[in-house]
$ cat upload37.txt   # compact mmCIF, C-alpha atoms
# COMPACT_ATOMS: atom_id res chain seq x y z
CA MET A 28 -61.55 -10.01 -1.38
CA ALA A 29 -58.91 -11.65 0.80
CA LEU A 30 -55.68 -9.73 1.31
CA LEU A 31 -52.64 -11.06 -0.47
CA PRO A 32 -50.07 -12.09 2.17
CA ARG A 33 -46.61 -10.64 1.73
CA ARG A 34 -43.90 -13.27 1.72
CA LEU A 35 -40.14 -12.88 1.76
CA ALA A 36 -38.07 -16.05 2.00
CA ARG A 37 -34.38 -15.97 2.67
CA GLY A 38 -32.13 -19.01 2.97
CA VAL A 39 -28.43 -18.94 3.87
CA THR A 40 -26.43 -22.19 3.56
CA LEU A 41 -22.61 -22.21 3.62
CA GLY A 42 -21.87 -19.22 1.38
CA VAL A 43 -24.96 -19.61 -0.85
CA VAL A 44 -27.63 -16.89 -0.57
CA GLY A 45 -30.98 -17.34 -2.29
CA VAL A 46 -33.67 -14.67 -2.72
CA LEU A 47 -37.09 -15.76 -3.89
CA VAL A 48 -39.11 -13.05 -5.60
CA GLY A 49 -42.65 -13.46 -6.97
CA CYS A 50 -46.30 -13.97 -6.10
CA SER A 51 -49.35 -15.82 -7.43
CA ALA A 52 -51.66 -14.22 -9.94
CA ILE A 53 -54.82 -12.67 -8.39
CA PRO A 54 -58.12 -12.61 -10.31
CA GLY A 55 -58.82 -9.15 -11.61
CA LEU A 56 -55.21 -8.00 -11.29
CA ALA A 57 -52.55 -7.68 -13.98
CA PRO A 58 -50.40 -10.81 -14.48
CA GLN A 59 -47.29 -10.82 -12.33
CA ALA A 60 -43.70 -11.15 -13.59
CA PRO A 61 -42.41 -14.72 -13.97
CA ARG A 62 -40.99 -16.32 -10.88
CA THR A 63 -37.27 -15.49 -10.58
CA THR A 64 -34.65 -17.09 -8.34
CA VAL A 65 -31.29 -15.32 -7.84
CA THR A 66 -28.48 -17.30 -6.25
CA VAL A 67 -24.91 -16.24 -5.47
CA ILE A 68 -22.93 -19.24 -6.63
CA SER A 69 -19.34 -18.13 -6.23
CA VAL A 70 -16.95 -15.35 -5.30
CA VAL A 71 -14.01 -15.17 -7.69
CA PRO A 72 -10.83 -13.28 -6.66
CA GLN A 73 -9.55 -10.85 -9.29
CA ALA A 74 -5.75 -10.58 -9.27
CA PRO A 75 -3.91 -8.38 -8.77
CA ALA A 76 -6.69 -5.96 -7.81
CA THR A 77 -8.06 -5.96 -4.27
CA GLU A 78 -11.66 -6.54 -5.32
CA THR A 79 -13.63 -9.74 -5.86
CA GLN A 80 -16.21 -10.37 -8.54
CA VAL A 81 -19.52 -11.95 -7.52
CA GLN A 82 -21.11 -14.37 -9.98
CA VAL A 83 -24.91 -14.48 -9.87
CA GLN A 84 -27.03 -17.26 -11.31
CA THR A 85 -30.55 -16.24 -12.40
CA GLN A 86 -33.34 -18.70 -13.13
CA GLN A 87 -36.30 -17.28 -15.00
CA GLY A 88 -38.88 -18.94 -17.19
CA GLY A 89 -37.09 -22.29 -17.00
CA GLN A 90 -33.80 -20.77 -18.23
CA THR A 91 -30.59 -20.37 -16.24
CA ARG A 92 -28.25 -17.42 -16.77
CA THR A 93 -24.91 -16.62 -15.03
CA GLN A 94 -23.52 -13.07 -14.89
CA ALA A 95 -21.22 -10.81 -12.84
CA SER A 96 -22.99 -8.58 -10.36
CA GLY A 97 -21.14 -6.17 -8.08
CA THR A 98 -17.84 -6.41 -6.27
CA GLY A 99 -16.60 -7.03 -2.76
CA THR A 100 -13.28 -6.39 -1.07
CA THR A 101 -10.65 -8.93 -0.13
CA GLU A 102 -6.94 -8.87 0.57
CA ALA A 103 -4.93 -9.45 -2.59
CA PRO A 104 -2.14 -12.03 -2.27
CA ALA A 105 1.29 -10.47 -2.02
CA ALA A 106 3.47 -10.91 -5.09
CA THR A 107 6.62 -12.88 -4.38
CA SER A 108 8.83 -10.09 -5.74
CA ALA A 109 7.14 -7.34 -3.72
CA PRO A 110 8.48 -6.15 -0.37
CA SER A 111 6.50 -6.99 2.73
CA SER A 112 3.92 -4.43 3.78
CA SER A 113 4.81 -5.14 7.43
CA MET A 114 7.57 -2.93 8.76
CA SER A 115 10.36 -3.50 11.27
CA ARG A 116 11.84 -0.78 13.46
CA TYR A 117 15.44 0.35 13.94
CA SER A 118 16.50 2.69 16.75
CA ASN A 119 19.80 4.54 16.86
CA PRO A 120 21.02 5.58 20.33
CA ARG A 121 23.91 7.72 19.06
CA TYR A 122 21.81 10.17 17.06
CA ARG A 123 18.53 9.38 18.83
CA PHE A 124 16.26 8.51 15.92
CA ALA A 125 14.17 5.56 14.78
CA CYS A 126 13.16 4.50 11.27
CA SER A 127 11.13 1.77 9.55
CA TYR A 128 12.09 -0.77 6.90
CA PRO A 129 10.30 -3.81 5.42
CA ARG A 130 10.16 -6.85 7.66
CA GLY A 131 12.27 -9.76 6.48
CA TRP A 132 15.04 -7.60 5.01
CA SER A 133 18.59 -8.25 6.25
CA THR A 134 20.28 -5.43 8.18
CA ALA A 135 23.85 -4.32 8.76
CA GLU A 136 24.72 -1.54 11.18
CA SER A 137 27.60 0.76 10.34
CA ASP A 138 30.88 0.34 12.22
CA ASN A 139 30.71 3.83 13.72
CA GLY A 140 27.10 3.36 14.87
CA ASP A 141 25.61 6.18 12.83
CA GLY A 142 22.94 4.09 11.11
CA VAL A 143 21.82 0.90 9.39
CA THR A 144 21.39 -0.51 5.89
CA ALA A 145 18.48 -2.87 5.21
CA THR A 146 18.60 -5.01 2.05
CA SER A 147 15.77 -6.90 0.34
CA PRO A 148 16.03 -10.70 -0.01
CA ASP A 149 16.70 -10.41 -3.75
CA GLY A 150 19.41 -7.77 -3.18
CA ARG A 151 17.79 -5.26 -5.57
CA SER A 152 16.46 -2.80 -3.00
CA GLN A 153 17.95 -1.03 0.02
CA VAL A 154 17.00 1.34 2.80
CA LEU A 155 19.68 3.44 4.48
CA CYS A 156 18.89 5.21 7.77
CA PHE A 157 21.63 7.37 9.27
CA GLY A 158 22.51 10.38 11.36
CA SER A 159 25.40 12.82 11.08
CA SER A 160 26.53 16.17 12.43
CA VAL A 161 25.61 19.34 10.56
CA VAL A 162 28.64 20.88 8.90
CA GLY A 163 28.25 24.65 8.62
CA ASP A 164 24.69 25.99 8.49
CA TRP A 165 21.50 24.03 7.87
CA GLU A 166 21.01 25.48 4.37
CA GLY A 167 24.43 24.34 3.25
CA GLU A 168 23.85 20.93 4.84
CA LEU A 169 20.59 20.33 3.01
CA ASP A 170 21.96 21.68 -0.27
CA SER A 171 24.87 19.28 -0.04
CA ARG A 172 22.50 16.33 0.19
CA ARG A 173 20.90 17.28 -3.10
CA SER A 174 24.26 17.88 -4.72
CA SER A 175 25.45 14.43 -3.70
CA PHE A 176 22.74 12.88 -5.87
CA ALA A 177 24.11 14.50 -9.02
CA SER A 178 27.74 13.88 -8.10
CA ASN A 179 26.99 10.17 -7.70
CA GLY A 180 25.43 9.89 -11.15
CA TRP A 181 21.74 10.21 -10.24
CA ASN A 182 19.49 12.20 -12.56
CA VAL A 183 17.50 14.41 -10.16
CA THR A 184 13.81 14.31 -11.06
CA TYR A 185 12.33 15.87 -7.91
CA SER A 186 13.62 18.21 -5.22
CA LYS A 187 11.93 20.16 -2.45
CA ARG A 188 13.43 21.97 0.53
CA THR A 189 12.02 23.73 3.56
CA ARG A 190 13.81 25.22 6.54
CA LEU A 191 13.74 21.84 8.29
CA TRP A 192 14.09 19.19 5.58
CA GLN A 193 15.18 18.34 2.05
CA ALA A 194 13.54 15.72 -0.17
CA VAL A 195 15.15 14.62 -3.41
CA SER A 196 14.53 11.81 -5.87
CA GLY A 197 16.40 10.65 -8.95
CA THR A 198 16.98 7.82 -11.39
CA LYS A 199 20.03 5.91 -12.55
CA GLY A 200 19.50 3.21 -15.16
CA ASP A 201 16.58 1.09 -13.97
CA GLN A 202 16.89 2.24 -10.35
CA ILE A 203 15.10 4.95 -8.35
CA ARG A 204 16.50 6.61 -5.25
CA TYR A 205 14.53 8.76 -2.83
CA GLY A 206 16.17 10.65 0.01
CA ARG A 207 14.69 12.58 2.92
CA TYR A 208 16.98 14.60 5.21
CA GLU A 209 15.80 16.40 8.34
CA VAL A 210 17.81 18.90 10.37
CA ASN A 211 17.35 18.83 14.13
CA GLY A 212 19.69 21.08 16.07
CA PRO A 213 23.31 20.11 15.39
CA ARG A 214 22.47 16.93 13.49
CA VAL A 215 20.83 15.76 10.29
CA ILE A 216 18.89 12.51 10.06
CA GLY A 217 18.47 10.88 6.66
CA ILE A 218 16.66 7.98 5.05
CA GLU A 219 17.42 6.81 1.51
CA TRP A 220 15.40 4.24 -0.43
CA THR A 221 16.81 2.62 -3.57
CA TYR A 222 14.65 0.21 -5.60
CA PRO A 223 13.87 -0.95 -9.18
CA ALA A 224 11.83 1.47 -11.27
CA SER A 225 9.62 -1.46 -12.29
CA GLN A 226 8.41 -1.69 -8.66
CA LYS A 227 7.71 2.02 -8.16
CA ALA A 228 3.99 1.52 -7.61
CA ARG A 229 4.66 -0.95 -4.81
CA PHE A 230 7.35 1.13 -3.13
CA ASP A 231 5.54 4.47 -3.21
CA GLY A 232 3.38 3.49 -0.26
CA LEU A 233 6.28 2.05 1.72
CA VAL A 234 8.41 5.16 1.24
CA THR A 235 5.52 7.41 2.27
CA ARG A 236 5.00 5.34 5.39
CA ALA A 237 8.71 5.37 6.23
CA VAL A 238 8.83 9.17 6.01
CA ARG A 239 5.79 9.42 8.28
CA ASP A 240 7.29 6.92 10.75
CA LEU A 241 10.68 8.64 11.01
CA ASP A 242 11.05 9.55 14.69
CA ILE A 243 13.68 12.03 15.83
CA THR A 244 14.15 12.83 19.51
CA ASP A 245 14.44 16.59 19.92
CA SER A 246 18.07 17.51 20.52
CA GLY A 247 17.11 20.61 22.44
CA GLY A 248 19.81 22.50 20.64

$ encode --input "upload37.txt" --output "structure tokens"
Amino acid sequence: MALLPRRLARGVTLGVVGVLVGCSAIPGLAPQAPRTTVTVISVVPQAPATETQVQVQTQQGGQTRTQASGTGTTEAPAATSAPSSSMSRYSNPRYRFACSYPRGWSTAESDNGDGVTATSPDGRSQVLCFGSSVVGDWEGELDSRRSSFASNGWNVTYSKRTRLWQAVSGTKGDQIRYGRYEVNGPRVIGIEWTYPASQKARFDGLVTRAVRDLDITDSGG
């Protein structure tokens, strides 16, 4: 009996992939499954998720069937109201620190040169980066930063302090403010993010990145 040749045909034409599966019936062997052709006919983006759905067209027994099969990854389009994921850099020579803020935001440096305020195009969000001298001891300095939240009408929802830094977050109306303050020798460097609560999911990643990117030159004191 002659050996049955194995055949695998693959064709790739401009985004269309076809896989031909099947073989001819052989005398004395069980009947084979009907000839089936599977073709990827389109890739449909799923907003706002970062995955794509693949539609597969199956032809079997003279019938055509379309179904979803698996996912791929693509870059989701940025929402017009969301801040840019690209960051710009600000450096302060007076207190020797550098911080990040979303690219495309307008900036205004303070008159005394202690920091900068970056504002979103729609005016609803701000980033404040600043330096100042420590008044008293470091514990009192960090405690005062937390106290300033409450004294300015913010409802404190999170607070954590170590020997080197204080993190505090709070809400006021439909706004969220997060502050991070780091003591380095005779100075304290702070960053404060204020943004709409409705955009918390989008800002969480930006705030985390900004904290990681905060660069403070050691004072040596």

$ residues_around --input "upload37.txt" --residues "A:Val183" --least-positions-apart "3" --cutoff "7 Å" --atoms "only C-alpha atoms" --output "list in words"
Phe176, Ala177, Ser196, Gly197 and Thr198 of chain A

$ closest_residue --input "upload37.txt" --among "A:Asp170, A:Asp201, A:Asp231, A:Asp141" --to "A:Ala125" --atoms "all atoms listed in the file"
A:Asp141

$ residues_around --input "upload37.txt" --residues "stretch 178-182 of chain A" --least-positions-apart "4" --cutoff "10 Å" --atoms "only C-alpha atoms" --output "number ranges by chain"
A: 173-174, 196-200, 202-204

$ axis_aligned_box --input "upload37.txt" --around "stretch 154-161 of chain A" --padding-each-side "4 Å" --output "JSON"
{"center_x": 21.8, "center_y": 10.3, "center_z": 7.6, "size_x": 17.5, "size_y": 26.0, "size_z": 17.6}

$ atom_distance --input "upload37.txt" --atom1 "atom CA of A:Asn119" --atom2 "atom CA of A:Gln153"
17.8 Å

$ closest_residue --input "upload37.txt" --among "A:Leu191, A:Ile218, A:Tyr185, A:Ser160" --to "A:Asp240" --atoms "only C-alpha atoms"
A:Ile218

$ atom_distance --input "upload37.txt" --atom1 "atom CA of A:Pro148" --atom2 "atom CA of A:Gln193"
29.1 Å

$ residues_around --input "upload37.txt" --residues "A:Arg172" --least-positions-apart "6" --cutoff "10 Å" --atoms "only C-alpha atoms" --output "ChimeraX atom specification"
/A:193-195,206-208,217
